[in-house]
Amino acid sequence: MISFNRTKLSNGLTVIVHEDNSTPLATINILYKVGARDEDPDKTGFAHLFEHLMFGGSVNIPEYDSPLQLAGGDNNAFTNNDITNYYLTLPAQNLSTGFWLESDRMMSLAFSPKSLDVQRQVVIEEFKQRYLNQPYGDVSLLLRPLTYKVHPYQWSTIGKEISHIENASLEDVRNFFFRYYCPDNAIMCVAGNVKSDEVFKMAEEWFGEIKRTFKDERKYAAEPKQTEKRVQTVERNIPFDSIYRSYHCSSRLEKEFYAEDLMTDILSAGKSARLYNSLVKDKKLFAEIHCYGSGSFDKGTITAEGKLVKGVTMKQAEEALDEELKKIVTEPVSNDELTKVKNKVESTMVFSEIDLSGRALNLAIAEYMGDAALINTEVDRYREVTAADITARAQDVFRETNCSTLYYLSKK
Amino acid sequence: MPENIAIRTQAPPLKHITDFSFRHVEKAILDNGIPVYTLNAGVQDVIRVELIFRNPAFNPAQPLMHSAANRLLNEGSSKHNAQQLAEMVDYYGAYYENEQSNDHSSVMLHTLNKHLGSTLPILHEILTDPAFPEKEIQVYQQNNKQRLTVENEKVASVARRKFAEIVFGAQHPYGYYVRPEDYDKLNQAELKKYHHAQYVSNHCSIIVSGKVDAEVIKSLNSIFGSADWTRSNGAMETVSDFKPSENKINYIERDDAIQSAIRVGRPMFNKTHPDYAGMQVLNTLLGGYFGSRLMKNIREDKGYTYGIGSAVASMVKGGYFFISSEVGSDVCSAALDEIYKEIELLKTEPVPEEELQMVKNYMLGSFLKNIDGAFNLADRWKGIMFYDLDYRYYDNFIQTVKSISSAEIMQLAAKYFKKEDLFELVVGKKQ
């Protein structure tokens, strides 16, 4: 049970406080409701590039990191298709340093041309390091546009191509900031050795004067129902053939999500899971195999991916994979198997809450999903799932015409 | 107007951290002599049990034995096959993990307290009764050879392993460069023989953290405290000295690389050395945090890389210092020049007071994070127990961080960052 208090400032900023007096630390987590799905199709990768620029100085503070480090703190941030999240941790007695830094950059950035020049270059190096200079690194750049034809999930957070990052202008940066980085488009969670009333007062002092400016004009084009089997084949300089299958599924916010999540756990979580035991251990067709959901806020995907054992043909591997998927579509999962994955979900949640910043992030995400209190009832949603629910989801998801397959082959 | 208007043009006043006290482990001894270190802390009903074994001497004829034996423990016992063992652990929502370093092998169980009674016997079975089935050994060999073949395509992975070979020497266990064919040397008979010698109570220590009470110790004693696995492996011998490469400059060319992996560094002492704490400050300043000189210059000013860092690594028989980065191949030489420039600067110019203060405060804040929660507290003990150090190690660390001067930092840089002592490795393309 994670306790919290919550308020909303008059400018629309949601403030959540979680008190934990067993730690000397405090965390500030600020979730901005903006991600790669909000990008212009010709300017992809921008939300993530922008995240880098949030560290390039704000209206009154030339540099973000130094004062925080001086206060004994550190920080990081991440961007995904749905959100951009910033978090810092520092000794609780220096909490006001965190408020000072975060409120100033929510108020306005410095919009320094030098920072843009450098961070464009840094992000291009990130693009190369993670997506181009790695074996199998460009898979998501191929699989997303094969799976999504209309919805902005068709591109990765890093962007479609390097040129989009190269072309980002200071004007783009300014527009993006004033459009999305508004108090009424953000959720702040403060956790640790703090007092709720004091945090609420500090929030008012530091963030209260920032203007409410958010106009939510966003509509994400719904992805039309896929009606045909999609296939793409590429050859690369990699040692082993791989297969990637992407299936449309429900969103994180729909109740079907819970059955789907348990379904992928049955297939792929841990060493007792089905795909690993059947395809890696017994049949020795795959060197590794995984199946996981995207957990995204709009309709997401379930991906099954595997690297073939050398000498195994794609046909053999694919038939065996199909056979396993067919099993979960046609046969109800056993009680033991269902209990197992439910128990695992419960313990995973408890373990993820040991870390203070983990608790703060989970609270902020739950609030974005509708209510921070969801964090304490999530496990019940999983407990309610029946074997019949899983069969129903498997039947709906694992269909040939709902699938995009990428054959990623070794160049001969 | 609200009565309190935030002053934004200057930083709020800082309060220094004054209290670095933290909980120490308590020691109990099982009937067969295994020391159990317990750390009872935290609010969640979770517990972590780790059994750590000191490795016997490295055998070059079986270079993968330490890690393979450890990783194959849960691939089947005389009573259950691999899948059954995994089912038993997963059913209770527990996590079984294994960990290998050059000096130690360990197995670890994370579980909710309510399932400890059901899961500890599984841990015991995995640890003391592995069957090393032929079929599982084959799958392990096959898939790990494939995994290594993929790793060998990554410039960063090759650089990490090759650099260890350069600073420690190819024959030293810390420097041994694993090849795919090394997996073929494993077999069931050797694994069983190794297990019999290695996984014995004489070379075992247990660390338990989370919600720990007297009942937990009793359970541990009844499960792991008997004499039936008490014997010496007689082979805790020291290893040879480091034999670093003759060549200071090393280059592995990769024609198609669009980024090059860089390593610069040298063999060093470990955390028992009096200069170790000072070196940690010097290292943090140079490349150990986001505001470090290498990050500031090579990422935040030049944009040559997504990330650059440095570290001092400590092992039981010694350690090493290294800088690592992946940079655009077109700027590889320029990045190397900047790295050496930053190293030189540390030797020739005193660190400005404000920067030194920032590094110190950052390190002290990080320390506070490292003593937060039961598992972190257990790790602080784990970090010193095999060096025959006690908690005074951390008092000394805090004291050094607080008191070290710019002059002392310059002396350390001059002493340990001599150009002629540094090794360089590039994997990729230089230009």
# chains A, B, ... in the order shown; residues from 1 in each chain; ligands from 1

call {"tool": "closest_atom_pairs", "arguments": {"of": "chain A", "to": "chain B", "cutoff": "6 Å", "atoms": "only C-alpha atoms", "output": "JSON lines"}}
result
{"residue": "A:Asn60", "atom": "CA", "partner": "B:Thr9", "partner_atom": "CA", "distance": 5.5}
{"residue": "A:Gln69", "atom": "CA", "partner": "B:Tyr362", "partner_atom": "CA", "distance": 4.9}
{"residue": "A:Leu70", "atom": "CA", "partner": "B:Met358", "partner_atom": "CA", "distance": 4.4}
{"residue": "A:Gly72", "atom": "CA", "partner": "B:Gly365", "partner_atom": "CA", "distance": 4.1}
{"residue": "A:Gly73", "atom": "CA", "partner": "B:Gly365", "partner_atom": "CA", "distance": 5.9}
{"residue": "A:Thr97", "atom": "CA", "partner": "B:Pro12", "partner_atom": "CA", "distance": 5.8}
{"residue": "A:Val118", "atom": "CA", "partner": "B:Gly303", "partner_atom": "CA", "distance": 5.0}
{"residue": "A:Gln121", "atom": "CA", "partner": "B:Gly303", "partner_atom": "CA", "distance": 5.1}
{"residue": "A:Val122", "atom": "CA", "partner": "B:Gly303", "partner_atom": "CA", "distance": 4.9}
{"residue": "A:Glu125", "atom": "CA", "partner": "B:Tyr306", "partner_atom": "CA", "distance": 5.4}
{"residue": "A:Glu126", "atom": "CA", "partner": "B:Tyr306", "partner_atom": "CA", "distance": 5.0}
{"residue": "A:Gln134", "atom": "CA", "partner": "B:Lys154", "partner_atom": "CA", "distance": 6.0}
{"residue": "A:Glu205", "atom": "CA", "partner": "B:Ala6", "partner_atom": "CA", "distance": 5.9}
{"residue": "A:Trp206", "atom": "CA", "partner": "B:Ala6", "partner_atom": "CA", "distance": 5.8}
{"residue": "A:Lys271", "atom": "CA", "partner": "B:Ala86", "partner_atom": "CA", "distance": 5.6}
{"residue": "A:Ser272", "atom": "CA", "partner": "B:Ala86", "partner_atom": "CA", "distance": 4.9}
{"residue": "A:Ala287", "atom": "CA", "partner": "B:Asn143", "partner_atom": "CA", "distance": 5.0}
{"residue": "A:Lys340", "atom": "CA", "partner": "B:Tyr91", "partner_atom": "CA", "distance": 4.2}
{"residue": "A:Asn343", "atom": "CA", "partner": "B:Gly93", "partner_atom": "CA", "distance": 4.9}
{"residue": "A:Lys344", "atom": "CA", "partner": "B:Gly93", "partner_atom": "CA", "distance": 3.9}
{"residue": "A:Ser347", "atom": "CA", "partner": "B:Gly93", "partner_atom": "CA", "distance": 5.6}

call {"tool": "residues_around", "arguments": {"residues": "A:Gln232", "least_positions_apart": "3", "cutoff": "10 Å", "atoms": "only C-alpha atoms", "output": "list in words"}}
result
Leu142, Leu143, Leu146, Tyr244, Ser404, Thr405, Leu406, Tyr407 and Tyr408 of chain A

call {"tool": "select_by_dssp", "arguments": {"residues": "stretch 98-158 of chain B", "states": "strand (DSSP E or B)", "output": "list in words"}}
result
Asn98, Glu99, Gln100, His104, Ser105, Ser106, Val107, Met108, Leu109, His110, Thr111, Leu112 and Pro130 of chain B

call {"tool": "closest_residue", "arguments": {"among": "B:Cys332, B:Val107, B:Cys204, B:Val216", "to": "B:Val427", "atoms": "only C-alpha atoms"}}
result
B:Cys332

call {"tool": "residues_around", "arguments": {"residues": "A:Ile328", "least_positions_apart": "5", "cutoff": "8 Å", "atoms": "only C-alpha atoms", "output": "ChimeraX atom specification"}}
result
/A:333,391,394

call {"tool": "closest_residue", "arguments": {"among": "A:Asn29, A:Asn185, A:Thr227, A:Thr330", "to": "A:Arg393", "atoms": "only C-alpha atoms"}}
result
A:Thr330

call {"tool": "atom_distance", "arguments": {"atom1": "atom CA of A:Val350", "atom2": "atom CA of A:Ile375"}}
result
11.0 Å

call {"tool": "residues_around", "arguments": {"residues": "B:Asn250", "least_positions_apart": "5", "cutoff": "10 Å", "atoms": "only C-alpha atoms", "output": "ChimeraX atom specification"}}
result
/B:162-163,166,245,263,423-427

call {"tool": "select_by_dssp", "arguments": {"residues": "stretch 262-362 of chain A", "states": "alpha helix (DSSP H)", "output": "PyMOL selection string"}}
result
chain A and resi 262-268+274-275+314-330+335-352+356-362

call {"tool": "residues_around", "arguments": {"residues": "B:Leu30", "least_positions_apart": "5", "cutoff": "8 Å", "atoms": "only C-alpha atoms", "output": "list in words"}}
result
Pro35, Val36, Leu220, Asn221, Phe224 and Gly225 of chain B

call {"tool": "atom_distance", "arguments": {"atom1": "atom CA of B:Arg266", "atom2": "atom CA of B:Asp241"}}
result
14.4 Å

call {"tool": "closest_residue", "arguments": {"among": "B:Gly319, B:Gly265, B:Gly278, B:Pro60", "to": "B:Val178", "atoms": "only C-alpha atoms"}}
result
B:Pro60

call {"tool": "atom_distance", "arguments": {"atom1": "atom CA of A:Thr14", "atom2": "atom CA of A:Ile158"}}
result
28.3 Å

call {"tool": "closest_residue", "arguments": {"among": "B:Ala413, B:Ile52, B:Ala214, B:Ile137", "to": "B:Glu97", "atoms": "only C-alpha atoms"}}
result
B:Ile52

call {"tool": "residues_around", "arguments": {"residues": "B:Ala277", "least_positions_apart": "5", "cutoff": "10 Å", "atoms": "only C-alpha atoms", "output": "PyMOL selection string"}}
result
chain B and resi 271-272+282-283+393-394+396-401+404

call {"tool": "write_last_selection", "arguments": {"atoms": "all heavy atoms", "output": "mmCIF file, in the first residue's frame"}}
result
data_model
loop_
_atom_site.group_PDB
_atom_site.id
_atom_site.type_symbol
_atom_site.label_atom_id
_atom_site.label_comp_id
_atom_site.auth_asym_id
_atom_site.auth_seq_id
_atom_site.Cartn_x
_atom_site.Cartn_y
_atom_site.Cartn_z
ATOM 1 N N LYS B 271 40.776 -1.597 -3.578
ATOM 2 C CA LYS B 271 40.299 -0.700 -2.525
ATOM 3 C C LYS B 271 41.023 -0.836 -1.190
ATOM 4 O O LYS B 271 40.734 -0.084 -0.274
ATOM 5 C CB LYS B 271 38.792 -0.834 -2.347
ATOM 6 C CG LYS B 271 38.288 -2.223 -2.043
ATOM 7 C CD LYS B 271 36.781 -2.241 -1.789
ATOM 8 C CE LYS B 271 35.963 -2.069 -3.055
ATOM 9 N NZ LYS B 271 34.523 -2.305 -2.853
ATOM 10 N N THR B 272 41.982 -1.746 -1.087
ATOM 11 C CA THR B 272 42.764 -1.814 0.148
ATOM 12 C C THR B 272 43.903 -0.792 0.165
ATOM 13 O O THR B 272 44.560 -0.611 1.182
ATOM 14 C CB THR B 272 43.398 -3.223 0.330
ATOM 15 O OG1 THR B 272 44.224 -3.484 -0.804
ATOM 16 C CG2 THR B 272 42.324 -4.301 0.438
ATOM 17 N N LEU B 282 39.346 11.722 -7.808
ATOM 18 C CA LEU B 282 39.973 12.111 -9.080
ATOM 19 C C LEU B 282 39.192 11.540 -10.259
ATOM 20 O O LEU B 282 38.927 12.214 -11.262
ATOM 21 C CB LEU B 282 41.426 11.609 -9.093
ATOM 22 C CG LEU B 282 42.204 11.792 -10.389
ATOM 23 C CD1 LEU B 282 42.301 13.270 -10.775
ATOM 24 C CD2 LEU B 282 43.613 11.198 -10.262
ATOM 25 N N ASN B 283 38.796 10.294 -10.146
ATOM 26 C CA ASN B 283 38.051 9.647 -11.225
ATOM 27 C C ASN B 283 36.684 10.312 -11.445
ATOM 28 O O ASN B 283 36.271 10.532 -12.583
ATOM 29 C CB ASN B 283 37.855 8.162 -10.899
ATOM 30 C CG ASN B 283 36.909 7.507 -11.879
ATOM 31 O OD1 ASN B 283 37.215 7.376 -13.055
ATOM 32 N ND2 ASN B 283 35.720 7.150 -11.407
ATOM 33 N N TYR B 393 36.472 1.344 6.441
ATOM 34 C CA TYR B 393 36.715 1.691 5.039
ATOM 35 C C TYR B 393 35.806 2.847 4.608
ATOM 36 O O TYR B 393 36.238 3.775 3.925
ATOM 37 C CB TYR B 393 36.471 0.455 4.158
ATOM 38 C CG TYR B 393 36.414 0.771 2.681
ATOM 39 C CD1 TYR B 393 37.587 0.893 1.942
ATOM 40 C CD2 TYR B 393 35.198 0.965 2.034
ATOM 41 C CE1 TYR B 393 37.546 1.201 0.588
ATOM 42 C CE2 TYR B 393 35.148 1.268 0.682
ATOM 43 C CZ TYR B 393 36.313 1.386 -0.035
ATOM 44 O OH TYR B 393 36.268 1.695 -1.365
ATOM 45 N N TYR B 394 34.538 2.785 5.001
ATOM 46 C CA TYR B 394 33.604 3.833 4.585
ATOM 47 C C TYR B 394 33.831 5.136 5.346
ATOM 48 O O TYR B 394 33.666 6.220 4.786
ATOM 49 C CB TYR B 394 32.157 3.338 4.737
ATOM 50 C CG TYR B 394 31.848 2.214 3.760
ATOM 51 C CD1 TYR B 394 31.675 0.906 4.199
ATOM 52 C CD2 TYR B 394 31.793 2.471 2.394
ATOM 53 C CE1 TYR B 394 31.420 -0.124 3.304
ATOM 54 C CE2 TYR B 394 31.542 1.441 1.487
ATOM 55 C CZ TYR B 394 31.347 0.141 1.945
ATOM 56 O OH TYR B 394 31.116 -0.857 1.044
ATOM 57 N N ASN B 396 36.697 6.196 6.267
ATOM 58 C CA ASN B 396 37.847 6.776 5.585
ATOM 59 C C ASN B 396 37.444 7.391 4.241
ATOM 60 O O ASN B 396 37.912 8.468 3.865
ATOM 61 C CB ASN B 396 38.916 5.699 5.369
ATOM 62 C CG ASN B 396 40.071 6.222 4.546
ATOM 63 O OD1 ASN B 396 40.752 7.152 4.951
ATOM 64 N ND2 ASN B 396 40.262 5.651 3.362
ATOM 65 N N PHE B 397 36.537 6.710 3.541
ATOM 66 C CA PHE B 397 36.056 7.233 2.255
ATOM 67 C C PHE B 397 35.404 8.603 2.450
ATOM 68 O O PHE B 397 35.744 9.575 1.770
ATOM 69 C CB PHE B 397 35.074 6.240 1.625
ATOM 70 C CG PHE B 397 34.358 6.771 0.410
ATOM 71 C CD1 PHE B 397 34.971 6.764 -0.829
ATOM 72 C CD2 PHE B 397 33.069 7.289 0.526
ATOM 73 C CE1 PHE B 397 34.308 7.273 -1.950
ATOM 74 C CE2 PHE B 397 32.404 7.793 -0.581
ATOM 75 C CZ PHE B 397 33.029 7.785 -1.831
ATOM 76 N N ILE B 398 34.472 8.685 3.407
ATOM 77 C CA ILE B 398 33.777 9.949 3.671
ATOM 78 C C ILE B 398 34.782 11.037 4.066
ATOM 79 O O ILE B 398 34.733 12.165 3.556
ATOM 80 C CB ILE B 398 32.752 9.763 4.832
ATOM 81 C CG1 ILE B 398 31.680 8.751 4.457
ATOM 82 C CG2 ILE B 398 32.137 11.091 5.247
ATOM 83 C CD1 ILE B 398 30.710 9.206 3.415
ATOM 84 N N GLN B 399 35.710 10.665 4.948
ATOM 85 C CA GLN B 399 36.708 11.623 5.424
ATOM 86 C C GLN B 399 37.548 12.143 4.266
ATOM 87 O O GLN B 399 37.798 13.340 4.147
ATOM 88 C CB GLN B 399 37.586 10.921 6.481
ATOM 89 C CG GLN B 399 38.213 11.852 7.483
ATOM 90 C CD GLN B 399 37.263 12.956 7.922
ATOM 91 O OE1 GLN B 399 36.121 12.691 8.319
ATOM 92 N NE2 GLN B 399 37.693 14.208 7.813
ATOM 93 N N THR B 400 37.985 11.238 3.392
ATOM 94 C CA THR B 400 38.826 11.631 2.254
ATOM 95 C C THR B 400 38.058 12.547 1.307
ATOM 96 O O THR B 400 38.582 13.567 0.855
ATOM 97 C CB THR B 400 39.308 10.382 1.485
ATOM 98 O OG1 THR B 400 39.952 9.513 2.396
ATOM 99 C CG2 THR B 400 40.256 10.757 0.368
ATOM 100 N N VAL B 401 36.816 12.167 1.009
ATOM 101 C CA VAL B 401 36.033 12.994 0.089
ATOM 102 C C VAL B 401 35.872 14.398 0.673
ATOM 103 O O VAL B 401 36.043 15.399 -0.026
ATOM 104 C CB VAL B 401 34.644 12.360 -0.186
ATOM 105 C CG1 VAL B 401 33.758 13.318 -0.991
ATOM 106 C CG2 VAL B 401 34.804 11.039 -0.925
ATOM 107 N N ILE B 404 39.889 16.142 0.941
ATOM 108 C CA ILE B 404 40.943 16.159 -0.081
ATOM 109 C C ILE B 404 41.051 17.547 -0.723
ATOM 110 O O ILE B 404 40.046 18.221 -0.947
ATOM 111 C CB ILE B 404 40.714 15.050 -1.137
ATOM 112 C CG1 ILE B 404 41.982 14.798 -1.945
ATOM 113 C CG2 ILE B 404 39.539 15.398 -2.050
ATOM 114 C CD1 ILE B 404 41.923 13.520 -2.773
#
